[in-house]
Every structure is written in structure tokens, then in C-alpha cells.
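Participant: Contents of model-v2.txt (compact mmCIF, C-alpha atoms and all ligand atoms) are given next:
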# COMPACT_ATOMS: atom_id res chain seq x y z
CA MET N 1 0.00 0.00 0.00
CA ILE N 2 1.32 3.41 -0.91
CA LYS N 3 1.71 5.70 2.10
CA ALA N 4 3.94 8.52 0.90
CA ILE N 5 4.76 10.54 -2.18
CA PHE N 6 8.16 12.13 -2.68
CA ILE N 7 7.83 15.02 -5.11
CA ASP N 8 10.54 16.75 -7.08
CA ILE N 9 10.34 20.55 -7.15
CA ASP N 10 11.81 22.03 -10.34
CA GLY N 11 10.06 21.06 -13.55
CA THR N 12 7.47 19.20 -11.47
CA LEU N 13 5.82 21.65 -9.02
CA LEU N 14 7.55 24.86 -10.06
CA ASP N 15 8.05 25.86 -13.66
CA PHE N 16 11.82 25.96 -13.60
CA GLU N 17 12.09 27.00 -17.24
CA ALA N 18 9.86 30.02 -16.64
CA CYS N 19 11.87 30.93 -13.50
CA VAL N 20 15.17 30.61 -15.37
CA GLU N 21 13.89 32.65 -18.31
CA GLU N 22 12.71 35.43 -16.01
CA SER N 23 15.98 35.51 -14.02
CA MET N 24 18.17 35.45 -17.14
CA ARG N 25 16.13 38.12 -18.93
CA LEU N 26 16.16 40.49 -15.96
CA GLY N 27 19.89 39.90 -15.34
CA LEU N 28 20.90 40.64 -18.92
CA THR N 29 18.60 43.64 -19.17
CA GLU N 30 20.16 45.06 -16.02
CA ASN N 31 23.57 44.67 -17.67
CA LYS N 32 22.26 46.50 -20.76
CA ILE N 33 22.33 43.40 -22.93
CA GLU N 34 19.34 42.70 -25.12
CA TYR N 35 17.75 39.37 -24.22
CA LYS N 36 16.76 37.06 -27.07
CA PRO N 37 14.81 33.79 -26.60
CA GLU N 38 17.48 31.72 -28.40
CA MET N 39 19.91 32.68 -25.61
CA LEU N 40 17.77 30.62 -23.27
CA GLU N 41 18.26 27.55 -25.47
CA THR N 42 22.03 27.99 -25.24
CA PHE N 43 21.78 28.26 -21.47
CA HIS N 44 19.70 25.09 -21.24
CA ARG N 45 22.02 23.09 -23.48
CA ILE N 46 25.08 24.05 -21.45
CA ASN N 47 23.37 23.92 -18.07
CA ASN N 48 21.94 20.45 -18.75
CA GLY N 49 25.44 19.23 -19.59
CA PHE N 50 26.77 20.55 -16.29
CA TRP N 51 23.89 18.95 -14.33
CA ARG N 52 24.49 15.62 -16.07
CA ASP N 53 28.16 15.79 -15.08
CA LEU N 54 27.08 16.62 -11.54
CA GLU N 55 24.63 13.70 -11.40
CA GLN N 56 27.40 11.41 -12.62
CA GLY N 57 29.76 12.72 -9.96
CA LYS N 58 32.19 14.23 -12.50
CA ILE N 59 32.01 17.74 -11.05
CA THR N 60 30.91 19.32 -7.77
CA PHE N 61 28.01 21.74 -7.34
CA GLU N 62 30.54 24.52 -6.63
CA GLU N 63 32.28 23.84 -9.94
CA LEU N 64 28.93 23.99 -11.73
CA LEU N 65 28.23 27.40 -10.22
CA GLU N 66 31.71 28.64 -11.00
CA ARG N 67 31.69 27.59 -14.66
CA ARG N 68 28.22 27.50 -16.19
CA TRP N 69 27.63 31.20 -16.95
CA ALA N 70 31.19 31.72 -18.17
CA THR N 71 30.57 28.85 -20.61
CA VAL N 72 27.19 30.28 -21.67
CA PHE N 73 28.60 33.79 -22.21
CA GLU N 74 31.53 32.41 -24.17
CA ALA N 75 29.12 30.52 -26.46
CA LEU N 76 27.00 33.65 -26.92
CA GLY N 77 29.93 36.04 -27.37
CA ILE N 78 28.81 38.12 -24.39
CA ASP N 79 31.43 39.97 -22.36
CA LEU N 80 30.21 39.47 -18.79
CA ASN N 81 31.77 37.92 -15.69
CA GLY N 82 30.28 34.41 -15.27
CA PRO N 83 30.64 33.91 -11.50
CA GLU N 84 29.32 37.44 -10.84
CA PHE N 85 26.29 36.83 -13.01
CA GLU N 86 25.80 33.48 -11.24
CA THR N 87 25.45 35.32 -7.93
CA TYR N 88 22.83 37.64 -9.40
CA PHE N 89 21.07 34.83 -11.24
CA ARG N 90 20.78 32.64 -8.14
CA LYS N 91 19.46 35.53 -6.09
CA ARG N 92 16.70 36.02 -8.68
CA LEU N 93 16.03 32.29 -8.92
CA HIS N 94 15.87 32.16 -5.14
CA GLU N 95 12.96 34.58 -5.34
CA SER N 96 11.35 33.05 -8.41
CA ALA N 97 8.46 30.66 -7.83
CA ILE N 98 6.27 30.24 -10.88
CA PRO N 99 3.95 27.22 -10.41
CA MET N 100 3.52 24.43 -12.96
CA GLU N 101 0.03 24.02 -14.32
CA GLY N 102 -2.11 21.91 -12.00
CA SER N 103 0.39 21.90 -9.14
CA TYR N 104 -1.94 23.29 -6.43
CA GLU N 105 -4.82 20.99 -7.33
CA THR N 106 -2.46 18.01 -7.33
CA LEU N 107 -0.95 18.87 -3.94
CA GLU N 108 -4.41 19.40 -2.52
CA TYR N 109 -5.57 16.04 -3.85
CA LEU N 110 -2.45 14.10 -2.77
CA SER N 111 -2.26 15.66 0.69
CA GLY N 112 -5.70 14.26 1.46
CA LYS N 113 -4.48 10.70 0.81
CA TYR N 114 -0.75 10.48 1.45
CA ARG N 115 2.13 11.88 3.45
CA LEU N 116 4.04 14.28 1.23
CA PHE N 117 7.77 14.98 1.07
CA ALA N 118 9.66 17.25 -1.29
CA ALA N 119 12.82 15.73 -2.79
CA SER N 120 14.95 18.12 -4.79
CA ASN N 121 18.44 18.55 -6.18
CA GLY N 122 19.24 22.11 -5.19
CA PRO N 123 20.31 24.46 -2.40
CA HIS N 124 18.21 23.88 0.74
CA GLU N 125 17.27 27.41 1.79
CA GLN N 126 16.47 28.39 -1.79
CA GLN N 127 14.14 25.48 -2.38
CA VAL N 128 12.33 25.92 0.94
CA GLU N 129 11.94 29.64 0.28
CA ARG N 130 10.55 29.08 -3.21
CA LEU N 131 8.02 26.53 -1.94
CA ARG N 132 7.02 29.01 0.75
CA LYS N 133 6.66 31.81 -1.78
CA ALA N 134 4.53 29.60 -4.03
CA GLY N 135 2.30 28.71 -1.06
CA MET N 136 3.25 25.02 -1.30
CA LEU N 137 5.49 24.54 1.75
CA GLY N 138 2.61 23.70 4.08
CA TYR N 139 1.79 20.54 2.12
CA PHE N 140 5.10 18.90 3.00
CA GLU N 141 6.13 17.07 6.15
CA GLU N 142 9.74 17.65 5.22
CA VAL N 143 11.78 19.13 2.39
CA PHE N 144 14.72 16.92 1.40
CA THR N 145 17.37 18.63 -0.70
CA SER N 146 20.77 17.64 -2.03
CA GLY N 147 22.03 20.90 -0.54
CA LYS N 148 21.33 19.58 2.94
CA ILE N 149 22.02 15.89 2.31
CA GLY N 150 25.27 16.38 0.40
CA GLU N 151 24.42 14.02 -2.48
CA GLU N 152 22.22 14.47 -5.53
CA LYS N 153 19.43 12.22 -6.73
CA PRO N 154 19.88 9.53 -8.13
CA SER N 155 22.54 8.75 -5.51
CA PRO N 156 21.25 6.00 -3.17
CA TYR N 157 22.64 8.05 -0.29
CA PHE N 158 20.08 10.78 -1.02
CA PHE N 159 17.23 8.27 -0.63
CA GLU N 160 18.88 6.46 2.28
CA TYR N 161 18.93 9.77 4.14
CA CYS N 162 15.23 10.36 3.41
CA PHE N 163 14.10 6.90 4.50
CA GLU N 164 16.14 7.02 7.69
CA LYS N 165 14.08 10.07 8.64
CA VAL N 166 10.66 8.59 7.88
CA ASP N 167 9.12 5.35 9.12
CA ILE N 168 8.04 4.22 5.66
CA LEU N 169 9.50 1.61 3.31
CA PRO N 170 10.64 2.54 -0.20
CA SER N 171 8.12 0.01 -1.56
CA GLU N 172 5.35 2.00 0.15
CA SER N 173 6.45 5.20 -1.56
CA ILE N 174 6.25 6.89 -4.91
CA MET N 175 8.84 9.16 -6.46
CA LEU N 176 7.09 11.72 -8.66
CA GLY N 177 9.27 13.84 -10.91
CA ASP N 178 10.17 15.05 -14.37
CA SER N 179 13.77 13.85 -14.58
CA LEU N 180 14.56 10.36 -15.80
CA THR N 181 18.19 10.58 -14.74
CA SER N 182 17.61 11.80 -11.20
CA ASP N 183 14.01 11.16 -10.03
CA ILE N 184 13.02 8.06 -11.95
CA LYS N 185 16.37 6.28 -12.03
CA GLY N 186 16.94 7.10 -8.35
CA GLY N 187 13.47 5.97 -7.33
CA ILE N 188 13.63 2.68 -9.28
CA CYS N 189 17.09 1.82 -7.96
CA PHE N 190 15.92 2.40 -4.40
CA GLY N 191 12.83 0.19 -4.77
CA MET N 192 10.24 2.97 -4.94
CA LYS N 193 7.34 3.15 -7.33
CA THR N 194 7.73 5.91 -9.89
CA VAL N 195 5.53 8.44 -11.65
CA TRP N 196 7.26 10.21 -14.51
CA LEU N 197 5.98 13.63 -15.50
CA ASN N 198 6.89 13.46 -19.16
CA GLY N 199 5.47 16.67 -20.61
CA LYS N 200 7.60 16.51 -23.74
CA GLY N 201 6.65 12.95 -24.70
CA GLU N 202 10.18 11.53 -24.43
CA LYS N 203 10.97 7.82 -24.66
CA THR N 204 12.70 5.64 -22.09
CA GLU N 205 13.85 2.06 -21.53
CA LEU N 206 13.53 2.47 -17.76
CA PRO N 207 10.71 0.43 -16.12
CA VAL N 208 8.61 3.45 -15.11
CA ASP N 209 5.41 2.51 -13.23
CA TYR N 210 3.29 5.41 -14.43
CA GLU N 211 3.84 8.03 -17.07
CA ILE N 212 1.84 11.26 -17.21
CA LYS N 213 1.85 14.26 -19.52
CA SER N 214 0.57 16.74 -16.94
CA LEU N 215 0.07 16.86 -13.18
CA ALA N 216 -3.71 16.84 -13.68
CA GLU N 217 -3.39 13.12 -14.57
CA VAL N 218 -2.03 12.20 -11.14
CA LYS N 219 -5.51 11.75 -9.67
CA ASN N 220 -6.34 9.17 -12.33
CA ILE N 221 -3.53 6.83 -11.30
CA ILE N 222 -2.87 7.19 -7.55
MG MG N 301 12.91 18.28 -11.82
Write out the structure in this file as C-alpha cells.
Ligand SMILES: [Mg+2]
Facilitator:
Amino acid sequence: MIKAIFIDIDGTLLDFEACVEESMRLGLTENKIEYKPEMLETFHRINNGFWRDLEQGKITFEELLERRWATVFEALGIDLNGPEFETYFRKRLHESAIPMEGSYETLEYLSGKYRLFAASNGPHEQQVERLRKAGMLGYFEEVFTSGKIGEEKPSPYFFEYCFEKVDILPSESIMLGDSLTSDIKGGICFGMKTVWLNGKGEKTELPVDYEIKSLAEVKNII
């Protein structure tokens, strides 16, 4: 019997892409650089590469922060200091909390049936603050973040830490998230059931239990 749902934050409850776009646009505008939508694509391509390296343990989170904007600006031919922009960007992101469609209804529905935990790769204070700002924090018994735990999903240590804190078995839990490489892979390897929010209709070989296109479908399956 399922007792608890662990829910990813970015790309699942909060619209990370919208938050990133807003933070990048405001940051560049403040530096008198005209923002163009294709710049966002460059950021995503480079940022995703860094996060993949981080998930595979090839770099540390500090290295990601130190290098990603310098790499983006180099690719775009923009003359700005990467680490300085990172500081600004993270401050904006810290304050940015744009909800995904259907997130409030889904939390309301799930909280009536299950114990809810947030499980996110990201800095602890930032993620808690963004959930608070979005009015979602109250739904969660606890917010688990890689920032606090010291390891990223899909690391088994991340999940070990969570399950040591709660008196529930992995087999009685669901991991709900948008990332195959962190949420779904991590959940499967730890013996949890998985719900993959696959808004873009991607394909996978992983044995996902449930696949949904939007959060509104959650109530049809669990
Ligand atoms: Mg995510």
C-alpha cells in the first residue's frame, strides 16, 4: 500500500524554465544586454550538460556554479563575468516561484491521501523559500534537498537519508518527478514506485510505473 509521495520541485511543481527565463532576462537587461529567446536555449544546453556531469559525480556543485555562466557567455559572445552573473542569477532564482500548471490541485488532492515529502536537487534554503513563496510549503512534512544531504538524486545516499528520517518503506512510496536521470532512475534503484511527468513525450527504456503528460493526470492513477 502506498503511504507517501516524494515530489521533485523544479520542472514538477515549479516551472523551472519560466523561473530561469525570467531571471536570465532580468539579469541581462540590467547589464544593458538585449535578451533574445534563443539565448535561453544555449543556457539550457550548457546547463543540462553541467547537471548531467554533476549527477554522474564528474564535477561538484561549486564547480557547476563557477563555470556554467562563463561557458554560456563564451558561447554567446557576451562579455560578462560568469561567476558574478551566477550570484545575481541565483538571487533572482531564489525569489522566483512560478507554479507548474495543476500543481496546487495536485498537492491538494495528494495531501488528502498520502504523506508528502519534497525531494529536490538544489540548495536547501532556496528550495524551501521558493516553496514558501509559491504557497506550497505547508503541504510537506519535510523538504529533502541535495544541498542539505550532500548528495544528488539519483545517488542512493540521497534516498537512504530520506528513509532514515521517515518510518516508511521505499516500496510504500512513490517518487514523482520530471527527470529520468535523477528522479526516476533514483526511485527505481531504491525500490520505490515511480511516476514520470513526461510533458515533452520523451521515450525511455527504464521500467517506469506510471507516465503522465501533466500533473492533472495524477488523480487518475494514484
Ligand atoms: Mg525536476
Participant: Need the shell around Leu116 (chain N): protein/DNA/RNA residues with any atom at most 8 Å away, counting only C-alpha atoms. Skip same-chain ones fewer than 5 positions apart. Format as a compact mmCIF listing (two decimals) with C-alpha atoms, in the coordinates of the input?
Facilitator:
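Written output follows (part31.txt):
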# COMPACT_ATOMS: atom_id res chain seq x y z
CA ALA N 4 3.94 8.52 0.90
CA ILE N 5 4.76 10.54 -2.18
CA PHE N 6 8.16 12.13 -2.68
CA ILE N 7 7.83 15.02 -5.11
CA LEU N 110 -2.45 14.10 -2.77
CA SER N 111 -2.26 15.66 0.69
CA TYR N 139 1.79 20.54 2.12
CA PHE N 140 5.10 18.90 3.00
CA GLU N 141 6.13 17.07 6.15
CA GLU N 142 9.74 17.65 5.22
Participant: Could you list, as a list in words, all protein and nucleic acid residues with an atom at most 10 Å from ligand MG 301 (chain N), counting only C-alpha atoms and all ligand atoms?
Facilitator: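 Using only C-alpha atoms and all ligand atoms, everything at most 10 Å from ligand MG 301 (chain N) comes to Ile7, Asp8, Ile9, Asp10, Gly11, Thr12, Leu13, Leu14, Asp15, Phe16, Ala119, Ser120, Asn121, Gly122, Leu176, Gly177, Asp178, Ser179, Leu180, Thr181, Ser182, Asp183 and Leu197 of chain N.
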Participant: Separation of CA of Phe163 (chain N) and CA of Ile184 (chain N), in Å?
Facilitator: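 Between CA of Phe163 (chain N) and CA of Ile184 (chain N) the gap is 16.5 Å.
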Participant: Env of region 25-34 of chain N: 9 Å cut, atoms = only C-alpha atoms, seq-sep filter 5 positions within chain, self excluded. Answer as a ChimeraX atom specification.
Facilitator: /N:20,40,78,80,85,88-89,92
Participant: Which one of N:Thr87, N:Gly201, N:Lys153, N:Tyr114 sits closest to Arg52 (chain N) if you count only C-alpha atoms?
Facilitator: N:Lys153
Participant: Looking at N:Phe61, N:Phe43, N:Tyr35, N:Tyr161, which one is nearest to Gly147 (chain N), with distances taken over all atoms listed in the file?
Facilitator: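 Residue with the minimum atom-to-atom distance to Gly147 (chain N): N:Phe61.
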Participant: Name the closest residue to Ser146 (chain N) among the candidates N:Thr60, N:Thr42, N:Asn47, N:Asn81; distances are taken between atoms, counting all atoms listed in the file.
Facilitator: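 When distances to Ser146 (chain N) are compared using all atoms listed in the file, the smallest one comes from N:Thr60.
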Participant: Which residues are close to Lys213 (chain N), i.e. within 9 Å by all atoms listed in the file, leaving aside same-chain residues fewer than 3 positions away? Reply as a list of chain:residue names.
Facilitator: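 My list of contacting residues is N:Trp196, N:Leu197, N:Asn198, N:Gly199, N:Lys200, N:Gly201, N:Ala216, N:Glu217.
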Participant: Which polymer residues have any atom within 8 Å of an atom of region 104-108 of chain N, counting all atoms listed in the file, with same-chain residues fewer than 4 positions away left out, as JSON, numbers by chain?
Facilitator: {"N": [112, 136, 139, 215, 216, 218, 219]}
Participant: With C-alpha atoms retained, write the just-selected residues as an mmCIF file, in the frame of the given file.
Facilitator:
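Produced file again09.cif, reproduced below:
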data_model
loop_
_atom_site.group_PDB
_atom_site.id
_atom_site.type_symbol
_atom_site.label_atom_id
_atom_site.label_comp_id
_atom_site.auth_asym_id
_atom_site.auth_seq_id
_atom_site.Cartn_x
_atom_site.Cartn_y
_atom_site.Cartn_z
ATOM 1 C CA GLY N 112 -5.700 14.260 1.460
ATOM 2 C CA MET N 136 3.250 25.020 -1.300
ATOM 3 C CA TYR N 139 1.790 20.540 2.120
ATOM 4 C CA LEU N 215 0.070 16.860 -13.180
ATOM 5 C CA ALA N 216 -3.710 16.840 -13.680
ATOM 6 C CA VAL N 218 -2.030 12.200 -11.140
ATOM 7 C CA LYS N 219 -5.510 11.750 -9.670
#
Participant: Rounded to one decimal place, report the CA of Gln56 (chain N)-CA of Tyr157 (chain N) distance in Å.
Facilitator: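 According to the coordinates, CA of Gln56 (chain N) and CA of Tyr157 (chain N) are separated by 13.6 Å.
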Participant: Can you work out the spacing between CA of Tyr109 (chain N) and CA of Asp209 (chain N) in Å, to one decimal?
Facilitator: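 We find that CA of Tyr109 (chain N) and CA of Asp209 (chain N) lie 19.8 Å from each other.
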Participant: Measuring atom to atom with only C-alpha atoms, identify which of N:Lys36, N:His44, N:Arg68, N:Lys185 is nearest to Ser155 (chain N).
Facilitator: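 Checking each of N:Lys36, N:His44, N:Arg68, N:Lys185 against Ser155 (chain N), counting only C-alpha atoms, the winner is N:Lys185.
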Participant: Which polymer residues, whether protein, DNA or RNA, lie within 12 Å of the coordinate (26.5, 19.2, -19.1) when you count all atoms listed in the file? List them as a PyMOL selection string, using the chain letters and numbers from the file.
Facilitator: chain N and resi 42-59+63-64+67-68+71-72
